[in-house]
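Structure data (PDB, C-alpha atoms) from target_15.pdb:
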ATOM      1  CA  MET N   1     -12.262 -26.858  -7.031
ATOM      2  CA  GLU N   2      -9.815 -25.470  -4.502
ATOM      3  CA  LEU N   3     -10.273 -21.753  -4.167
ATOM      4  CA  LEU N   4      -7.974 -19.292  -2.392
ATOM      5  CA  LEU N   5      -9.990 -16.286  -1.240
ATOM      6  CA  ASP N   6      -8.420 -12.830  -1.495
ATOM      7  CA  THR N   7      -8.334 -10.937   1.805
ATOM      8  CA  HIS N   8     -11.239  -8.614   1.031
ATOM      9  CA  ILE N   9     -13.409 -11.581  -0.037
ATOM     10  CA  LEU N  10     -12.660 -13.284   3.289
ATOM     11  CA  LEU N  11     -13.568 -10.151   5.220
ATOM     12  CA  TRP N  12     -16.761  -9.584   3.231
ATOM     13  CA  LEU N  13     -17.747 -13.201   3.804
ATOM     14  CA  VAL N  14     -17.311 -13.280   7.576
ATOM     15  CA  THR N  15     -18.867  -9.841   8.078
ATOM     16  CA  ASP N  16     -21.782 -10.706   5.764
ATOM     17  CA  SER N  17     -21.024  -7.604   3.722
ATOM     18  CA  PRO N  18     -23.349  -6.608   0.871
ATOM     19  CA  LEU N  19     -20.146  -6.050  -1.135
ATOM     20  CA  LEU N  20     -19.851  -9.843  -1.555
ATOM     21  CA  SER N  21     -21.655 -10.501  -4.826
ATOM     22  CA  SER N  22     -24.221 -13.237  -5.262
ATOM     23  CA  LYS N  23     -21.869 -14.824  -7.826
ATOM     24  CA  ALA N  24     -19.044 -14.966  -5.260
ATOM     25  CA  ARG N  25     -21.337 -16.282  -2.544
ATOM     26  CA  ALA N  26     -22.666 -19.036  -4.845
ATOM     27  CA  ILE N  27     -19.139 -20.194  -5.710
ATOM     28  CA  ILE N  28     -18.074 -20.137  -2.050
ATOM     29  CA  GLU N  29     -21.165 -22.032  -0.902
ATOM     30  CA  ASP N  30     -20.902 -24.695  -3.635
ATOM     31  CA  VAL N  31     -20.244 -27.952  -1.726
ATOM     32  CA  HIS N  32     -17.911 -29.104  -4.504
ATOM     33  CA  ASN N  33     -15.492 -26.270  -3.754
ATOM     34  CA  THR N  34     -12.939 -26.068  -0.947
ATOM     35  CA  CYS N  35     -12.310 -22.515   0.221
ATOM     36  CA  LEU N  36      -8.841 -21.620   1.445
ATOM     37  CA  PHE N  37      -7.184 -18.720   3.246
ATOM     38  CA  SER N  38      -3.517 -17.799   3.287
ATOM     39  CA  PRO N  39      -1.250 -16.730   6.140
ATOM     40  CA  VAL N  40      -0.638 -13.714   3.881
ATOM     41  CA  SER N  41      -4.239 -12.586   4.500
ATOM     42  CA  ILE N  42      -3.787 -12.962   8.248
ATOM     43  CA  SER N  43      -0.692 -10.745   8.079
ATOM     44  CA  GLU N  44      -2.522  -8.178   5.930
ATOM     45  CA  ILE N  45      -5.487  -8.093   8.329
ATOM     46  CA  SER N  46      -3.125  -7.732  11.309
ATOM     47  CA  LEU N  47      -1.410  -4.755   9.702
ATOM     48  CA  LYS N  48      -4.687  -3.063   8.737
ATOM     49  CA  HIS N  49      -6.096  -3.647  12.230
ATOM     50  CA  LYS N  50      -2.990  -2.112  13.849
ATOM     51  CA  LYS N  51      -3.107   0.920  11.547
ATOM     52  CA  HIS N  52      -6.873   1.470  11.619
ATOM     53  CA  PRO N  53      -8.598  -0.361  14.495
ATOM     54  CA  ASP N  54     -11.588   1.943  14.028
ATOM     55  CA  ARG N  55     -12.116   0.588  10.473
ATOM     56  CA  LEU N  56     -11.120  -3.046  11.060
ATOM     57  CA  SER N  57     -12.272  -4.135  14.478
ATOM     58  CA  PHE N  58     -10.666  -7.579  14.661
ATOM     59  CA  SER N  59      -7.092  -8.797  14.732
ATOM     60  CA  GLY N  60      -5.383 -11.297  12.487
ATOM     61  CA  GLU N  61      -5.765 -13.988  15.139
ATOM     62  CA  ALA N  62      -9.480 -13.265  15.505
ATOM     63  CA  ALA N  63      -9.855 -13.420  11.712
ATOM     64  CA  ARG N  64      -7.975 -16.731  11.579
ATOM     65  CA  SER N  65     -10.261 -18.203  14.228
ATOM     66  CA  GLU N  66     -13.347 -16.976  12.378
ATOM     67  CA  PHE N  67     -12.184 -18.376   9.041
ATOM     68  CA  ILE N  68     -11.580 -21.782  10.591
ATOM     69  CA  ALA N  69     -14.925 -21.652  12.425
ATOM     70  CA  VAL N  70     -16.817 -21.164   9.153
ATOM     71  CA  GLY N  71     -14.964 -24.011   7.448
ATOM     72  CA  ILE N  72     -12.312 -22.170   5.433
ATOM     73  CA  CYS N  73      -9.072 -24.169   5.381
ATOM     74  CA  GLU N  74      -5.609 -22.727   5.785
ATOM     75  CA  LEU N  75      -3.264 -23.063   2.800
ATOM     76  CA  PRO N  76       0.260 -23.086   4.264
ATOM     77  CA  LEU N  77       2.760 -20.713   2.702
ATOM     78  CA  THR N  78       6.028 -22.151   1.367
ATOM     79  CA  THR N  79       9.243 -20.787  -0.070
ATOM     80  CA  ALA N  80       8.204 -22.314  -3.414
ATOM     81  CA  ASN N  81       5.105 -20.100  -3.259
ATOM     82  CA  ALA N  82       7.297 -17.059  -2.632
ATOM     83  CA  ALA N  83       9.649 -17.960  -5.483
ATOM     84  CA  GLU N  84       6.657 -18.110  -7.852
ATOM     85  CA  SER N  85       6.541 -14.308  -7.565
ATOM     86  CA  ASP N  86       9.394 -14.269 -10.087
ATOM     87  CA  SER N  87       6.977 -15.488 -12.760
ATOM     88  CA  LEU N  88       4.400 -12.752 -12.177
ATOM     89  CA  GLU N  89       4.282  -9.673 -14.376
ATOM     90  CA  LEU N  90       4.240  -6.307 -12.603
ATOM     91  CA  PHE N  91       0.552  -5.599 -13.201
ATOM     92  CA  HIS N  92       0.152  -5.280  -9.452
ATOM     93  CA  ASN N  93       2.587  -3.747  -6.948
ATOM     94  CA  ASP N  94       0.864  -4.594  -3.653
ATOM     95  CA  PRO N  95       3.118  -7.175  -1.948
ATOM     96  CA  PHE N  96       0.201  -8.916  -0.190
ATOM     97  CA  ASP N  97      -1.720  -9.314  -3.445
ATOM     98  CA  ARG N  98       1.353 -10.469  -5.357
ATOM     99  CA  MET N  99       2.067 -13.099  -2.709
ATOM    100  CA  LEU N 100      -1.536 -14.358  -2.820
ATOM    101  CA  LEU N 101      -1.356 -14.591  -6.608
ATOM    102  CA  ALA N 102       2.000 -16.385  -6.469
ATOM    103  CA  GLN N 103       0.721 -18.811  -3.854
ATOM    104  CA  ALA N 104      -2.390 -19.665  -5.864
ATOM    105  CA  LYS N 105      -0.389 -20.107  -9.069
ATOM    106  CA  SER N 106       2.285 -22.195  -7.356
ATOM    107  CA  GLU N 107      -0.266 -24.451  -5.645
ATOM    108  CA  GLY N 108      -2.390 -24.881  -8.774
ATOM    109  CA  VAL N 109      -5.527 -23.465  -7.151
ATOM    110  CA  LYS N 110      -7.899 -20.728  -8.290
ATOM    111  CA  ILE N 111      -7.973 -17.360  -6.544
ATOM    112  CA  MET N 112     -11.153 -15.316  -6.134
ATOM    113  CA  SER N 113     -10.824 -11.539  -6.050
ATOM    114  CA  HIS N 114     -12.724  -8.352  -6.748
ATOM    115  CA  ASP N 115      -9.454  -6.601  -7.641
ATOM    116  CA  ARG N 116      -9.626  -5.403 -11.258
ATOM    117  CA  GLN N 117      -5.928  -6.091 -11.858
ATOM    118  CA  PHE N 118      -6.053  -9.784 -10.913
ATOM    119  CA  PRO N 119      -7.577 -11.153 -14.162
ATOM    120  CA  GLN N 120      -4.490  -9.986 -16.063
ATOM    121  CA  TYR N 121      -2.588 -12.844 -14.382
ATOM    122  CA  GLY N 122      -4.445 -15.634 -16.123
ATOM    123  CA  ASP N 123      -7.206 -18.177 -15.959
ATOM    124  CA  PHE N 124      -6.409 -19.223 -12.380
ATOM    125  CA  VAL N 125      -8.129 -15.978 -11.278
ATOM    126  CA  ILE N 126     -11.892 -15.919 -10.689
ATOM    127  CA  PRO N 127     -12.997 -12.289 -10.897
ATOM    128  CA  VAL N 128     -16.136 -11.431  -8.912
TER     129      VAL N 128
END

Please, can you express the file's structure as structure tokens?
Amino acid sequence: MELLLDTHILLWLVTDSPLLSSKARAIIEDVHNTCLFSPVSISEISLKHKKHPDRLSFSGEAARSEFIAVGICELPLTTANAAESDSLELFHNDPFDRMLLAQAKSEGVKIMSHDRQFPQYGDFVIPV
């Protein structure tokens, strides 16, 4: 299965955070799954790093390099992905999260998230 990882899942994975559940880790480490990251996550990390470098010590570019180094593949963002936002209900107002959801839905991939609002969007969400 192709699996887009929400930004916090990516960060928990590369920092080996105890917040990453054993369920999430098992799905990510399953050799039959391909884990993906979005340019949206890189932008979100860049913004959070600029605002709070004391809480997020690495930049978007550093995160991108780390994701690639551990074998997570980039899922390019398209205008079709952005247009898919029209189909999403307003359960969630965060523009980064809405774009990740739209991208996953548009590309026909699953998205893994710990966000409690994500499962409302349908069976393409894997809640962990």

Selection dump of the PyMOL selection byres ((chain N and resi 40) around 8), as a VMD selection string: chain N and resid 38 to 39 41 to 44 77 96 99 to 100

Picked residues, the PyMOL selection byres ((chain N and resi 84) around 9), expected as a count of residues only: 15

N:Ile111 environment, 9 Å, only C-alpha atoms, sequence neighbours closer than 3 positions dropped, as a PyMOL selection string: chain N and resi 2-6+100-101+104-105+118+124-127

Two-atom distance - atom CA of N:Glu61, atom CA of N:Cys73 (Å):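 That distance, rounded to one decimal, is 14.5 Å.
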
Polymer residues at most 9 Å from N:Ala24, only C-alpha atoms, same-chain spacing of 4 or more positions, as a ChimeraX atom specification: /N:9,20,28-29,112-113,127-128

Between atom CA of N:Val109 and atom CA of N:Ile27, distance in Å (one decimal):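 Straight-line distance from atom CA of N:Val109 to atom CA of N:Ile27 works out to 14.1 Å.
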
Distance in Å - atom CA of N:Phe37 versus atom CA of N:His8: 11.1 Å

Draw an axis-aligned box tight on the listed atoms of stretch 1-15 of chain N, then pad every side by 5 Å and write out centre and edge lengths in Å to one decimal as lines of an AutoDock Vina configuration file.
center_x = -13.4
center_y = -17.7
center_z = 0.5
size_x = 20.9
size_y = 28.2
size_z = 25.1

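Closest to N:Leu75 among N:Glu89, N:Asp16, N:Asp97, N:Glu107 is N:Glu107, based on all atoms listed in the file.
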
Contacts of N:Phe58 at 7 Å (all atoms listed in the file; same-chain gap of 4+ positions) as a PyMOL selection string: chain N and resi 49+62-63

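Of the residues listed (N:Asp54, N:Thr15, N:Gly71, N:Gly60), N:Gly71 shows the shortest atom-to-atom separation from N:Val31; distances use all atoms listed in the file.
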
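Remark: for N:Ser59, the closest of the candidate residues N:Thr34, N:Leu11, N:Pro76, N:Gln120 is N:Leu11 (distances computed over only C-alpha atoms).
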